[in-house]
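Peer 1: The structure file work_1.cif (mmCIF, C-alpha atoms and all ligand atoms) is provided below.
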data_my_file
loop_
_atom_site.label_atom_id
_atom_site.label_comp_id
_atom_site.auth_asym_id
_atom_site.auth_seq_id
_atom_site.Cartn_x
_atom_site.Cartn_y
_atom_site.Cartn_z
CA MET A 937 8.47 51.86 -26.57
CA LEU A 938 8.10 55.42 -25.38
CA LEU A 939 4.46 56.54 -25.68
CA ASN A 940 2.92 59.90 -26.53
CA ASP A 941 2.27 61.46 -23.09
CA ASN A 942 -0.40 63.67 -24.59
CA PHE A 943 -2.82 60.73 -24.59
CA LYS A 944 -2.71 60.77 -20.79
CA SER A 945 -4.58 64.07 -20.73
CA LEU A 946 -7.41 62.96 -23.03
CA SER A 947 -10.71 61.79 -21.59
CA LYS A 948 -10.75 58.01 -21.23
CA SER A 949 -12.94 57.46 -24.29
CA TYR A 950 -13.93 59.47 -27.32
CA LEU A 951 -17.31 61.09 -26.65
CA PHE A 952 -19.38 59.02 -29.06
CA SER A 953 -17.68 55.77 -28.01
CA GLU A 954 -18.64 56.55 -24.40
CA VAL A 955 -22.22 57.30 -25.43
CA ALA A 956 -22.39 54.05 -27.45
CA SER A 957 -20.98 52.07 -24.53
CA ARG A 958 -23.59 53.49 -22.11
CA ILE A 959 -26.35 52.62 -24.60
CA ARG A 960 -24.99 49.06 -24.87
CA ASP A 961 -24.98 48.74 -21.06
CA PHE A 962 -28.54 50.02 -20.88
CA LYS A 963 -29.64 47.56 -23.57
CA ALA A 964 -27.97 44.69 -21.76
CA GLN A 965 -30.05 45.51 -18.68
CA HIS A 966 -33.27 46.29 -20.59
CA THR A 967 -33.24 43.77 -23.39
CA ASP A 968 -36.69 44.72 -24.69
CA ALA A 969 -35.98 48.49 -24.71
CA ASP A 970 -36.81 50.07 -28.06
CA ILE A 971 -34.29 52.90 -28.03
CA ILE A 972 -34.66 55.80 -30.45
CA ARG A 973 -31.17 56.92 -31.45
CA MET A 974 -30.70 60.67 -31.34
CA ASP A 975 -27.11 60.69 -30.16
CA ILE A 976 -24.34 60.54 -32.81
CA GLY A 977 -25.34 62.37 -35.99
CA ASP A 978 -25.84 59.23 -38.05
CA VAL A 979 -28.24 59.40 -40.96
CA THR A 980 -31.12 56.96 -41.50
CA LEU A 981 -32.09 57.55 -45.15
CA PRO A 982 -30.32 55.34 -47.72
CA LEU A 983 -28.05 56.41 -50.55
CA ASP A 984 -29.61 57.87 -53.64
CA ARG A 985 -30.07 55.20 -56.33
CA CYS A 986 -27.78 57.11 -58.78
CA VAL A 987 -25.01 56.87 -56.19
CA ALA A 988 -25.53 53.17 -55.56
CA GLU A 989 -25.57 52.50 -59.32
CA ALA A 990 -22.40 54.52 -59.90
CA ILE A 991 -20.70 52.57 -57.12
CA ALA A 992 -21.87 49.24 -58.56
CA GLN A 993 -20.64 50.23 -62.02
CA ALA A 994 -17.29 51.38 -60.64
CA ALA A 995 -16.96 48.10 -58.76
CA MET A 996 -17.54 46.21 -62.03
CA GLU A 997 -14.90 48.37 -63.78
CA GLN A 998 -12.47 47.14 -61.16
CA SER A 999 -13.05 43.56 -62.33
CA CYS A 1000 -11.79 44.17 -65.92
CA VAL A 1001 -8.19 44.62 -66.99
CA SER A 1002 -9.15 47.44 -69.36
CA SER A 1003 -11.00 49.54 -66.76
CA PHE A 1004 -9.16 48.60 -63.57
CA HIS A 1005 -7.89 51.47 -61.36
CA GLY A 1006 -4.96 50.97 -59.00
CA TYR A 1007 -3.51 53.78 -56.91
CA GLY A 1008 -5.43 56.96 -57.57
CA PRO A 1009 -4.28 60.56 -57.32
CA GLU A 1010 -3.72 61.41 -53.63
CA GLN A 1011 -5.62 64.66 -54.06
CA GLY A 1012 -8.64 62.90 -55.58
CA TYR A 1013 -9.83 62.13 -59.11
CA GLY A 1014 -10.26 65.08 -61.48
CA PHE A 1015 -13.83 64.03 -62.35
CA LEU A 1016 -14.92 64.62 -58.74
CA ARG A 1017 -12.84 67.74 -58.08
CA GLU A 1018 -14.17 69.33 -61.28
CA ALA A 1019 -17.79 68.53 -60.35
CA ILE A 1020 -17.27 70.05 -56.88
CA ALA A 1021 -15.60 73.20 -58.18
CA GLU A 1022 -18.37 73.74 -60.71
CA THR A 1023 -21.48 72.82 -58.68
CA ASP A 1024 -20.57 73.71 -55.09
CA TYR A 1025 -18.63 76.89 -55.91
CA ASN A 1026 -18.40 78.31 -59.46
CA SER A 1027 -22.14 78.00 -60.17
CA ARG A 1028 -22.71 80.04 -56.97
CA GLY A 1029 -20.33 82.75 -58.10
CA ILE A 1030 -17.41 81.54 -55.95
CA ASP A 1031 -13.95 81.28 -57.43
CA ILE A 1032 -12.50 77.87 -56.45
CA SER A 1033 -10.54 75.73 -58.91
CA PRO A 1034 -10.35 71.92 -58.96
CA ASP A 1035 -6.68 71.94 -57.98
CA GLU A 1036 -7.61 73.68 -54.71
CA ILE A 1037 -9.85 70.77 -53.70
CA PHE A 1038 -8.55 67.73 -51.80
CA ILE A 1039 -10.84 64.69 -51.63
CA SER A 1040 -10.70 62.79 -48.36
CA ASP A 1041 -12.33 59.92 -46.53
CA GLY A 1042 -14.42 62.39 -44.56
CA ALA A 1043 -14.31 65.65 -42.66
CA LYS A 1044 -13.30 64.02 -39.38
CA SER A 1045 -9.99 62.70 -40.73
CA ASP A 1046 -9.11 65.97 -42.45
CA ILE A 1047 -9.88 67.99 -39.34
CA ALA A 1048 -7.79 65.72 -37.14
CA ASN A 1049 -4.92 65.52 -39.65
CA LEU A 1050 -4.62 69.28 -40.00
CA THR A 1051 -2.57 69.49 -36.83
CA ASP A 1052 0.32 67.99 -38.85
CA ILE A 1053 0.87 71.33 -40.58
CA TYR A 1054 0.67 73.60 -37.51
CA GLY A 1055 3.89 74.70 -35.83
CA SER A 1056 4.46 73.03 -32.48
CA GLN A 1057 4.06 76.38 -30.71
CA ALA A 1058 0.92 77.37 -32.63
CA ILE A 1059 -1.98 78.63 -30.54
CA VAL A 1060 -5.43 77.49 -31.63
CA ALA A 1061 -8.76 79.02 -30.70
CA LEU A 1062 -11.67 76.63 -30.28
CA PRO A 1063 -15.29 77.35 -29.50
CA ASP A 1064 -16.62 75.74 -26.32
CA PRO A 1065 -18.77 73.64 -26.78
CA VAL A 1066 -17.01 72.12 -29.79
CA TYR A 1067 -16.98 68.99 -31.98
CA PRO A 1068 -14.59 66.92 -29.84
CA VAL A 1069 -12.27 66.05 -32.75
CA TYR A 1070 -11.00 69.66 -32.85
CA ALA A 1071 -9.95 69.52 -29.20
CA ASP A 1072 -8.75 65.91 -29.03
CA SER A 1073 -6.59 66.16 -32.16
CA ASN A 1074 -4.89 69.29 -30.85
CA GLU A 1075 -4.31 67.70 -27.47
CA ILE A 1076 -2.79 64.62 -29.12
CA ALA A 1077 -0.47 67.05 -30.92
CA GLY A 1078 0.58 68.52 -27.56
CA ARG A 1079 -1.67 71.57 -27.25
CA PHE A 1080 -3.46 71.99 -23.95
CA THR A 1081 -5.41 74.72 -22.19
CA THR A 1082 -2.98 74.54 -19.27
CA ASN A 1083 0.07 75.60 -21.26
CA GLY A 1084 -1.92 78.18 -23.19
CA LYS A 1085 -1.86 76.59 -26.61
CA ILE A 1086 -5.63 76.12 -26.81
CA LEU A 1087 -7.74 79.17 -26.24
CA TYR A 1088 -11.33 78.21 -25.56
CA MET A 1089 -13.98 80.69 -26.63
CA PRO A 1090 -17.06 80.24 -24.43
CA CYS A 1091 -20.28 80.02 -26.45
CA THR A 1092 -23.25 80.44 -24.16
CA ILE A 1093 -26.67 82.03 -24.19
CA ASP A 1094 -24.84 85.35 -23.51
CA ASN A 1095 -23.40 85.45 -27.03
CA GLY A 1096 -26.11 83.39 -28.74
CA PHE A 1097 -23.71 80.38 -28.71
CA LYS A 1098 -21.45 82.11 -31.26
CA PRO A 1099 -17.75 82.80 -30.75
CA THR A 1100 -16.43 86.31 -31.36
CA PRO A 1101 -12.82 87.17 -32.24
CA PRO A 1102 -10.56 87.10 -29.17
CA ARG A 1103 -8.40 89.99 -27.98
CA ASP A 1104 -5.30 87.81 -28.10
CA ARG A 1105 -3.57 86.77 -31.28
CA VAL A 1106 -3.91 83.11 -32.24
CA ASP A 1107 -2.55 81.10 -35.18
CA VAL A 1108 -5.58 78.98 -36.01
CA VAL A 1109 -9.30 79.46 -35.42
CA TYR A 1110 -11.88 76.69 -35.84
CA LEU A 1111 -15.39 77.73 -36.81
CA CYS A 1112 -18.28 75.37 -37.47
CA SER A 1113 -21.41 76.77 -39.11
CA PRO A 1114 -24.14 75.50 -38.91
CA ASN A 1115 -22.69 74.60 -35.58
CA ASN A 1116 -22.14 71.18 -34.19
CA PRO A 1117 -23.38 70.90 -31.42
CA THR A 1118 -25.50 74.03 -30.83
CA GLY A 1119 -27.11 74.28 -34.27
CA THR A 1120 -26.48 78.04 -34.52
CA VAL A 1121 -25.38 79.64 -37.81
CA LEU A 1122 -22.92 82.51 -38.30
CA THR A 1123 -24.25 85.47 -40.28
CA ARG A 1124 -22.28 87.19 -43.05
CA GLN A 1125 -21.44 90.01 -40.67
CA GLU A 1126 -20.17 87.65 -37.99
CA LEU A 1127 -18.07 85.75 -40.50
CA ALA A 1128 -16.71 89.00 -41.93
CA ALA A 1129 -15.50 89.96 -38.43
CA TRP A 1130 -13.59 86.68 -38.24
CA ILE A 1131 -12.01 87.23 -41.65
CA ASP A 1132 -10.86 90.70 -40.57
CA TYR A 1133 -9.41 89.20 -37.41
CA ALA A 1134 -7.56 86.49 -39.36
CA LEU A 1135 -6.15 88.99 -41.88
CA ASP A 1136 -4.91 91.16 -39.04
CA ALA A 1137 -3.51 88.28 -36.94
CA LYS A 1138 -2.16 86.35 -39.97
CA ALA A 1139 -4.20 83.46 -38.64
CA LEU A 1140 -5.76 80.52 -40.48
CA ILE A 1141 -9.52 79.88 -40.23
CA VAL A 1142 -10.57 76.25 -40.39
CA PHE A 1143 -14.17 76.60 -41.55
CA ASP A 1144 -16.13 73.41 -41.00
CA SER A 1145 -19.21 73.59 -43.18
CA ALA A 1146 -20.20 69.92 -42.99
CA TYR A 1147 -23.81 70.99 -42.39
CA GLU A 1148 -24.06 73.77 -45.00
CA ALA A 1149 -26.76 71.90 -46.94
CA TYR A 1150 -29.10 72.42 -43.97
CA ILE A 1151 -29.14 76.19 -44.44
CA THR A 1152 -32.48 77.23 -45.89
CA ASP A 1153 -32.29 80.93 -44.99
CA PRO A 1154 -30.84 82.57 -48.14
CA THR A 1155 -29.28 85.41 -46.13
CA LEU A 1156 -26.95 83.00 -44.28
CA PRO A 1157 -23.59 82.06 -45.85
CA LYS A 1158 -23.11 78.40 -46.80
CA SER A 1159 -19.47 78.86 -47.68
CA ILE A 1160 -16.90 81.17 -46.11
CA TYR A 1161 -15.75 81.99 -49.65
CA GLU A 1162 -18.97 83.94 -50.18
CA LEU A 1163 -17.21 86.62 -48.12
CA PRO A 1164 -14.52 88.92 -49.55
CA ASP A 1165 -10.93 88.02 -48.70
CA ALA A 1166 -11.83 84.59 -47.28
CA ARG A 1167 -9.50 82.93 -49.82
CA LYS A 1168 -6.58 84.66 -48.12
CA VAL A 1169 -7.29 83.21 -44.66
CA ALA A 1170 -9.58 80.18 -44.74
CA ILE A 1171 -9.75 76.54 -45.61
CA GLU A 1172 -13.19 74.95 -45.85
CA VAL A 1173 -13.99 71.40 -44.80
CA ARG A 1174 -17.02 69.62 -46.25
CA SER A 1175 -18.50 66.18 -45.98
CA TYR A 1176 -20.99 64.00 -47.85
CA SER A 1177 -21.92 62.23 -44.61
CA LYS A 1178 -24.85 64.31 -43.48
CA THR A 1179 -25.83 65.63 -46.90
CA ALA A 1180 -25.81 62.40 -48.90
CA GLY A 1181 -25.80 59.52 -46.41
CA PHE A 1182 -22.06 58.81 -46.66
CA THR A 1183 -21.46 58.24 -42.92
CA GLY A 1184 -20.61 54.62 -43.71
CA LEU A 1185 -19.11 55.07 -47.20
CA ARG A 1186 -16.73 57.88 -46.12
CA CYS A 1187 -15.99 60.77 -48.47
CA GLY A 1188 -15.54 64.50 -48.08
CA TYR A 1189 -13.25 67.27 -49.22
CA THR A 1190 -11.30 70.27 -48.04
CA VAL A 1191 -10.58 73.41 -50.03
CA PHE A 1192 -7.12 74.98 -49.76
CA PRO A 1193 -6.98 78.21 -51.79
CA ARG A 1194 -3.65 78.71 -53.53
CA GLU A 1195 -2.83 82.04 -51.87
CA LEU A 1196 -3.02 80.82 -48.25
CA THR A 1197 0.24 81.57 -46.50
CA GLY A 1198 1.69 80.57 -43.14
CA TYR A 1199 5.07 81.20 -41.55
CA PHE A 1200 7.78 78.85 -40.36
CA SER A 1201 9.49 79.51 -37.01
CA ASP A 1202 12.39 81.26 -38.81
CA GLY A 1203 9.90 83.76 -40.27
CA THR A 1204 9.98 82.47 -43.85
CA ALA A 1205 6.65 82.10 -45.63
CA GLY A 1206 5.19 78.73 -46.58
CA ASN A 1207 2.32 77.94 -48.93
CA ILE A 1208 -0.39 76.12 -46.96
CA HIS A 1209 -1.86 74.41 -50.05
CA ASP A 1210 1.57 72.99 -50.91
CA LEU A 1211 2.24 71.86 -47.36
CA TRP A 1212 -1.09 70.00 -47.30
CA LEU A 1213 -0.34 68.40 -50.66
CA ARG A 1214 3.03 67.28 -49.25
CA ARG A 1215 1.32 65.91 -46.15
CA GLN A 1216 -1.37 64.06 -48.12
CA THR A 1217 1.01 62.55 -50.65
CA THR A 1218 3.08 61.17 -47.78
CA LYS A 1219 0.33 59.92 -45.51
CA PHE A 1220 -2.74 59.28 -47.70
CA ASN A 1221 -3.35 57.29 -50.87
CA GLY A 1222 -6.64 58.95 -51.66
CA ALA A 1223 -10.27 57.94 -51.14
CA SER A 1224 -11.21 54.82 -53.09
CA TYR A 1225 -12.06 55.09 -56.79
CA VAL A 1226 -15.41 53.38 -56.23
CA VAL A 1227 -16.49 55.81 -53.50
CA GLN A 1228 -15.35 58.82 -55.52
CA ARG A 1229 -17.48 57.61 -58.46
CA GLY A 1230 -20.41 57.41 -56.02
CA ALA A 1231 -19.72 60.96 -54.81
CA ALA A 1232 -19.49 62.27 -58.38
CA ALA A 1233 -22.96 60.84 -59.10
CA LEU A 1234 -24.31 63.24 -56.46
CA TYR A 1235 -23.74 66.07 -58.89
CA THR A 1236 -26.43 64.89 -61.32
CA ALA A 1237 -29.76 66.73 -61.30
CA PRO A 1238 -31.88 63.81 -59.98
CA ALA A 1239 -29.42 63.15 -57.13
CA GLN A 1240 -29.32 66.84 -56.16
CA GLN A 1241 -33.13 66.83 -56.02
CA SER A 1242 -33.26 63.73 -53.85
CA LEU A 1243 -30.62 65.17 -51.47
CA ARG A 1244 -32.75 68.28 -51.04
CA GLU A 1245 -35.77 66.09 -50.23
CA ASN A 1246 -33.83 64.06 -47.65
CA ILE A 1247 -32.48 67.16 -45.98
CA ALA A 1248 -35.98 68.62 -45.81
CA ILE A 1249 -37.07 65.48 -43.93
CA TYR A 1250 -34.24 65.79 -41.38
CA LEU A 1251 -34.88 69.51 -40.96
CA ASN A 1252 -38.56 68.86 -40.35
CA ASN A 1253 -37.64 66.27 -37.70
CA ALA A 1254 -35.40 68.83 -36.00
CA ILE A 1255 -38.21 71.41 -35.93
CA ILE A 1256 -40.67 68.87 -34.51
CA LEU A 1257 -38.16 68.00 -31.78
CA ARG A 1258 -37.36 71.62 -31.03
CA ASP A 1259 -41.03 72.55 -30.70
CA ALA A 1260 -41.84 69.56 -28.50
CA LEU A 1261 -38.93 70.29 -26.18
CA ARG A 1262 -39.93 73.95 -25.95
CA ALA A 1263 -43.51 72.92 -25.19
CA ALA A 1264 -42.10 70.74 -22.40
CA GLY A 1265 -40.53 73.88 -20.90
CA HIS A 1266 -36.92 73.57 -22.09
CA ASN A 1267 -34.67 76.27 -23.52
CA VAL A 1268 -33.72 75.11 -27.00
CA ALA A 1269 -31.30 76.46 -29.61
CA GLY A 1270 -30.78 75.11 -33.14
CA GLY A 1271 -33.31 73.07 -35.03
CA GLU A 1272 -33.44 75.65 -37.84
CA ASN A 1273 -30.91 75.59 -40.70
CA SER A 1274 -29.40 72.70 -38.74
CA PRO A 1275 -30.12 69.07 -37.90
CA TYR A 1276 -29.10 69.62 -34.26
CA VAL A 1277 -31.25 70.66 -31.33
CA TRP A 1278 -29.50 71.96 -28.23
CA ILE A 1279 -31.18 72.03 -24.82
CA TYR A 1280 -29.56 74.45 -22.39
CA PRO A 1281 -30.27 75.39 -18.76
CA ASP A 1282 -31.96 78.57 -17.52
CA TYR A 1283 -29.75 81.66 -17.53
CA ASP A 1284 -29.42 81.80 -13.73
CA ALA A 1285 -29.58 78.05 -13.01
CA GLU A 1286 -26.81 76.58 -10.91
CA VAL A 1287 -25.13 74.02 -13.18
CA LYS A 1288 -23.30 71.16 -11.47
CA LYS A 1289 -20.65 68.85 -12.84
CA GLY A 1290 -22.34 65.73 -14.19
CA ASP A 1291 -25.65 67.44 -15.01
CA SER A 1292 -25.41 66.61 -18.72
CA TRP A 1293 -24.84 62.92 -18.11
CA ARG A 1294 -27.71 62.95 -15.59
CA LEU A 1295 -29.97 64.41 -18.30
CA PHE A 1296 -28.68 61.79 -20.75
CA GLU A 1297 -29.53 58.98 -18.29
CA ARG A 1298 -32.97 60.46 -17.55
CA MET A 1299 -33.83 60.71 -21.22
CA LEU A 1300 -32.59 57.14 -21.79
CA HIS A 1301 -34.42 55.65 -18.80
CA GLU A 1302 -37.67 57.60 -19.00
CA CYS A 1303 -38.06 58.03 -22.76
CA ARG A 1304 -35.79 55.35 -24.22
CA ILE A 1305 -34.17 58.08 -26.31
CA SER A 1306 -30.40 58.25 -26.62
CA THR A 1307 -28.87 61.74 -26.81
CA THR A 1308 -25.42 63.31 -26.47
CA PRO A 1309 -24.52 65.01 -23.20
CA GLY A 1310 -23.46 68.62 -23.73
CA SER A 1311 -20.51 68.33 -21.38
CA GLY A 1312 -18.89 65.95 -23.90
CA PHE A 1313 -18.44 68.96 -26.18
CA GLY A 1314 -16.72 71.09 -23.55
CA LYS A 1315 -17.07 72.80 -20.18
CA CYS A 1316 -19.65 75.28 -21.48
CA GLY A 1317 -21.80 72.36 -22.57
CA GLU A 1318 -22.32 71.21 -18.99
CA GLY A 1319 -26.04 71.04 -18.18
CA CYS A 1320 -26.90 70.85 -21.91
CA LEU A 1321 -28.06 67.99 -24.11
CA ARG A 1322 -27.92 67.51 -27.90
CA LEU A 1323 -30.53 65.70 -29.97
CA THR A 1324 -30.52 65.13 -33.72
CA GLY A 1325 -33.13 65.21 -36.46
CA PHE A 1326 -31.43 62.32 -38.28
CA ASN A 1327 -33.86 59.59 -37.25
CA THR A 1328 -36.93 58.71 -39.30
CA PRO A 1329 -40.04 60.92 -39.19
CA GLU A 1330 -41.95 58.03 -37.55
CA ASN A 1331 -39.36 57.63 -34.79
CA THR A 1332 -39.17 61.39 -34.32
CA LEU A 1333 -42.94 61.55 -33.74
CA GLU A 1334 -42.71 58.59 -31.39
CA ALA A 1335 -39.88 60.34 -29.50
CA VAL A 1336 -42.05 63.42 -29.13
CA LEU A 1337 -44.92 61.32 -27.72
CA ARG A 1338 -42.54 59.72 -25.24
CA ILE A 1339 -41.20 63.12 -24.17
CA LYS A 1340 -44.75 64.39 -23.66
CA LYS A 1341 -45.63 61.43 -21.46
CA SER A 1342 -42.43 61.75 -19.39
CA THR A 1343 -41.38 64.19 -16.68
CA PHE A 1344 -38.65 65.44 -19.00
C1 LIG B 1401 -21.75 64.09 -34.43
O1 LIG B 1401 -22.68 63.44 -34.01
O2 LIG B 1401 -21.28 65.08 -33.84
C2 LIG B 1401 -21.12 63.66 -35.70
O3 LIG B 1401 -21.88 62.68 -36.30
C3 LIG B 1401 -19.79 63.13 -35.46
C4 LIG B 1401 -19.00 63.01 -36.71
O4 LIG B 1401 -19.43 63.45 -37.78
O5 LIG B 1401 -17.92 62.46 -36.61
#
Is it possible to express this structure as structure tokens?

Peer 2:
Amino acid sequence: MLLNDNFKSLSKSYLFSEVASRIRDFKAQHTDADIIRMDIGDVTLPLDRCVAEAIAQAAMEQSCVSSFHGYGPEQGYGFLREAIAETDYNSRGIDISPDEIFISDGAKSDIANLTDIYGSQAIVALPDPVYPVYADSNEIAGRFTTNGKILYMPCTIDNGFKPTPPRDRVDVVYLCSPNNPTGTVLTRQELAAWIDYALDAKALIVFDSAYEAYITDPTLPKSIYELPDARKVAIEVRSYSKTAGFTGLRCGYTVFPRELTGYFSDGTAGNIHDLWLRRQTTKFNGASYVVQRGAAALYTAPAQQSLRENIAIYLNNAIILRDALRAAGHNVAGGENSPYVWIYPDYDAEVKKGDSWRLFERMLHECRISTTPGSGFGKCGEGCLRLTGFNTPENTLEAVLRIKKSTF
């Protein structure tokens, strides 16, 4: 069969597969190494009991003729979409209705699948560094830097690691706040500038707010819909992975406001919500009933309280890491309102290709801590390293001791 040539341009492995493979190799050579995982953002705290019980009950329902659920609605069950609309939006004064919410098996799939609705000539703007799924999925769809269909927006110490609207017109802009990987958060003013740009350019903003629950500063926006006019230009992607320990269970959602409009190549208007519904009904049968029951249980008062407590633990880990790395003489961004800590080189340092992987290897060999090399997130990440606050408090303190004792 004829293959998709676009795969030839991708890096050989997906970033986190490459990291995992290097950790496996290291373990094979150092069988007694007690590695502290601070690479992929995988959580360590278990599911809330209410969630586990709701899942168990839903599983039992599936064993009775009277309560059995077969195919579910592709957009997600009403009980979950209503809970999301009410708790995550309406109760915060944001106008989002249940029929604008699409339940998925996680933010990663939704983000990657979005390319299905972009025109083949669409130009997308991506921050650099960036969550690799944004870049890889667009490259698989045939968009590359070389033929001008991906515009990378460098995010360095010069702009506080935050992208600003480009001079050129683009069709789609991806924003992630709190940012993966740099941990920085866009302010209301910065987000407002992006909304103005999108209104003017008739562009779509893909707002990835998978880490919104980590925002503790009340002046920072958790949702793009807190800003005026955002409904006209933005979709918002959210996930239960990092907020509720669903990295293994898989569930998230994306909001498509009804008024979002795009344009076909003949100039006629198309409704983006309807296009996505068409895409999902064709290619997706919905997240499982059992998992959606588990997600709905998150919207009870005790579960909300326990989520807040878990997030406080991860945030505290991130601050401990940030402070220890600063004390060791590193430049560090993130670690506040974010589970990620981003080490970056001195302003005038000469950064060489491979520096990030060299830092990764040093941290692994000297400290037995696995991290993610910044270069895996893009060219501007070269020389940088990402650590996460998702491990346990005990392991985080142990990691700090190891860093102190090392030359790192
Ligand atoms: C990360 O470490 O960047 C994330 O865990 C990856 C993901 O959510 O897919």

Peer 1: Which chain A residues have any atom within 7 Å of an atom of ligand LIG 1401 (chain B), and for each, what is the nearest pair of atoms with distance in Å to one decimal, counting all atoms listed in the file, rows sorted by chain and number, as a Markdown table?

Peer 2:
| residue | atom | partner | partner_atom | distance |
| --- | --- | --- | --- | --- |
| A:Asp975 | CA | B:LIG1401 | O1 | 6.5 |
| A:Ile976 | CA | B:LIG1401 | O1 | 3.6 |
| A:Gly977 | CA | B:LIG1401 | O1 | 3.5 |
| A:Asp978 | CA | B:LIG1401 | O3 | 5.5 |
| A:Lys1044 | CA | B:LIG1401 | O5 | 5.6 |
| A:Tyr1067 | CA | B:LIG1401 | O2 | 6.1 |
| A:Asn1116 | CA | B:LIG1401 | O2 | 6.2 |
| A:Pro1117 | CA | B:LIG1401 | O2 | 6.6 |

Peer 1: Take CA of Leu938 (chain A) and CA of Asn1074 (chain A) and report the distance between them in Å, one decimal.

Peer 2: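 According to the coordinates, CA of Leu938 (chain A) and CA of Asn1074 (chain A) are separated by 19.8 Å.
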
Peer 1: Please provide as JSON, numbers by chain all residues within 9 Å of region 959-966 of chain A, with the sequence filter that same-chain residues fewer than 4 positions apart are discarded (counting all atoms listed in the file).

Peer 2: {"A": [954, 955, 970, 971, 1300, 1301, 1306]}

Peer 1: Generate a file of the selected residues that holds C-alpha atoms, formatted as a PDB file, keeping the file's coordinate frame.

Peer 2:
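Final output, out11.pdb:
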ATOM      1  CA  GLU A 954     -18.640  56.550 -24.400  1.00  0.00           C
ATOM      2  CA  VAL A 955     -22.220  57.300 -25.430  1.00  0.00           C
ATOM      3  CA  ASP A 970     -36.810  50.070 -28.060  1.00  0.00           C
ATOM      4  CA  ILE A 971     -34.290  52.900 -28.030  1.00  0.00           C
ATOM      5  CA  LEU A1300     -32.590  57.140 -21.790  1.00  0.00           C
ATOM      6  CA  HIS A1301     -34.420  55.650 -18.800  1.00  0.00           C
ATOM      7  CA  SER A1306     -30.400  58.250 -26.620  1.00  0.00           C
TER       8      SER A1306
END

Peer 1: Between A:Ile1047, A:Val1121, A:Ile1032, A:Leu1111, single out the one closest to Gly1096 (chain A), counting only C-alpha atoms.

Peer 2: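 Residue with the minimum atom-to-atom distance to Gly1096 (chain A): A:Val1121.
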
Peer 1: Name the closest residue to Pro1309 (chain A) among the candidates A:Thr1118, A:Ser1002, A:Thr1155, A:Gln1057; distances are taken between atoms, counting all atoms listed in the file.

Peer 2: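 Between A:Thr1118, A:Ser1002, A:Thr1155, A:Gln1057, the residue approaching Pro1309 (chain A) most closely is A:Thr1118.
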
Peer 1: A:Thr1082, A:Thr967, A:Asn940, A:Ser1311: which is nearest Ser1292 (chain A), counting all atoms listed in the file?

Peer 2: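 For Ser1292 (chain A), the nearest of the given residues is A:Ser1311.
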
Peer 1: Do a neighbour search on Ser1159 (chain A) at 9 Å with all atoms listed in the file, toss out local chain neighbours closer than 6 positions, and write the hits as a PyMOL selection string.

Peer 2: chain A and resi 1025+1030+1143+1145+1148+1172

Peer 1: For C-alpha atoms, I'd like the residues from the last selection saved as an mmCIF file, in the coordinates of the input.

Peer 2:
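That gives us selection-v3.cif:
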data_model
loop_
_atom_site.group_PDB
_atom_site.id
_atom_site.type_symbol
_atom_site.label_atom_id
_atom_site.label_comp_id
_atom_site.auth_asym_id
_atom_site.auth_seq_id
_atom_site.Cartn_x
_atom_site.Cartn_y
_atom_site.Cartn_z
ATOM 1 C CA TYR A 1025 -18.630 76.890 -55.910
ATOM 2 C CA ILE A 1030 -17.410 81.540 -55.950
ATOM 3 C CA PHE A 1143 -14.170 76.600 -41.550
ATOM 4 C CA SER A 1145 -19.210 73.590 -43.180
ATOM 5 C CA GLU A 1148 -24.060 73.770 -45.000
ATOM 6 C CA GLU A 1172 -13.190 74.950 -45.850
#

Peer 1: For region 1085-1087 of chain A, find every residue with an atom within 12 Å (counting all atoms listed in the file), except residues of its own chain fewer than 4 positions away, and show them as a PyMOL selection string.

Peer 2: chain A and resi 1054-1064+1070-1075+1077-1081+1099+1101-1110

Peer 1: Which neighbours of Glu1126 (chain A) fall inside 10 Å, counting only C-alpha atoms, when residues of the same chain fewer than 2 positions from it are skipped, and could you give them as a PyMOL selection string?

Peer 2: chain A and resi 1098-1101+1121-1124+1128-1131

Peer 1: Can you find the residues with an atom no farther than 12 Å from (-35.7, 58.8, -40.4), counting all atoms listed in the file, and report them as a PyMOL selection string?

Peer 2: chain A and resi 972-974+977-982+1181+1246-1254+1275+1324-1335

Peer 1: Which residues come within 8 Å of Thr1179 (chain A), counting only C-alpha atoms, excluding same-chain residues fewer than 5 positions away, as number ranges by chain?

Peer 2: A: 1147, 1149, 1243, 1247

Peer 1: Report the distance between CA of Asp1259 (chain A) and CA of Asp968 (chain A) in Å, rounded to one decimal place.

Peer 2: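 Computing the Euclidean distance for CA of Asp1259 (chain A) and CA of Asp968 (chain A) yields 28.8 Å.
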
Peer 1: Kindly give the distance, in Å, that separates CA of Leu1140 (chain A) and CA of Ile1020 (chain A), rounded to a single decimal.

Peer 2: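 So the two atoms, CA of Leu1140 (chain A) and CA of Ile1020 (chain A), lie 22.6 Å apart.
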
Peer 1: Would you mind telling me which residue in A:Asp1035, A:Ala969, A:Phe1015, A:Phe952 lies nearest to Gly1230 (chain A) when using only C-alpha atoms?

Peer 2: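 Looking only at the distances to Gly1230 (chain A), the closest residue turns out to be A:Phe1015.
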
Peer 1: Using only C-alpha atoms, which of A:Leu1016, A:Val1169, A:Ala995, A:Val1227 sits nearest Lys1138 (chain A)?

Peer 2: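 Of A:Leu1016, A:Val1169, A:Ala995, A:Val1227, the one nearest Lys1138 (chain A) is A:Val1169, counting only C-alpha atoms.
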